[in-house]
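Each remark here refers to the structure printed beneath this line.
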Amino acid sequence: MDNDVSAGSTTSNLGHLALGLTLLAFGIGATGVIDGVTTANAVPIATFVGGIALFIAGLFEFRAGNSFSGTAFGG
């Protein structure tokens with residue numbers, strides 16, 4: 001009996017972290033929790049860090065044969 005439990009691929013984890021970072025940046029900007037930080041300040045972080053990381057994670061998922069996650073992250 002095999003007791004190994006898969007917790008997901010590292011690519012999938014990277015995609016979820018990138019998505020979380022993107023949403024966190026927009027959330028902090030939209031709510032005004034930090035003085036002087038607006039949604040306009042969050043756009044570069046969301047675009048470059050979150051968007052590019054999600055797209056790369058989608059490509060890695062497609063390469064691994066997981067089309068559902070590849071479509072979700074790449075789209």
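In the structure tokens, chains take letters A, B, ... by order of appearance, with residues numbered from 1 within each chain and ligands from 1 in the order shown.
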
Task: Contacts of region 42-46 of chain A within 7 Å, only C-alpha atoms, excl. fewer than 2 positions in-chain, as JSON, numbers by chain - done: {"A": [22, 25, 26, 29, 38, 39, 40, 48, 49, 50, 51]}

- [ ] Select from chain A everything DSSP, run on the backbone, classes as alpha helix (DSSP H), then give the selection as a PyMOL selection string.
- [x] chain A and resi 10-31+39-44+52-64+67-74

- [ ] In Å, rounded to a single decimal, give me how far CA of Gly15 (chain A) is from CA of Phe55 (chain A).
- [x] 8.4 Å

Open item on the list: Can you pull out the residues contacting region 59-68 of chain A? Cut-off 10 Å, using only C-alpha atoms, and skip same-chain residues under 3 positions away; I want them as a VMD selection string.
Closed with: chain A and resid 9 to 12 15 53 to 56 71 to 74

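Nearest to Gly58 (chain A) of all the residues A:Ile34, A:Leu14, A:Asn41, A:Leu23 is A:Leu14, counting only C-alpha atoms.
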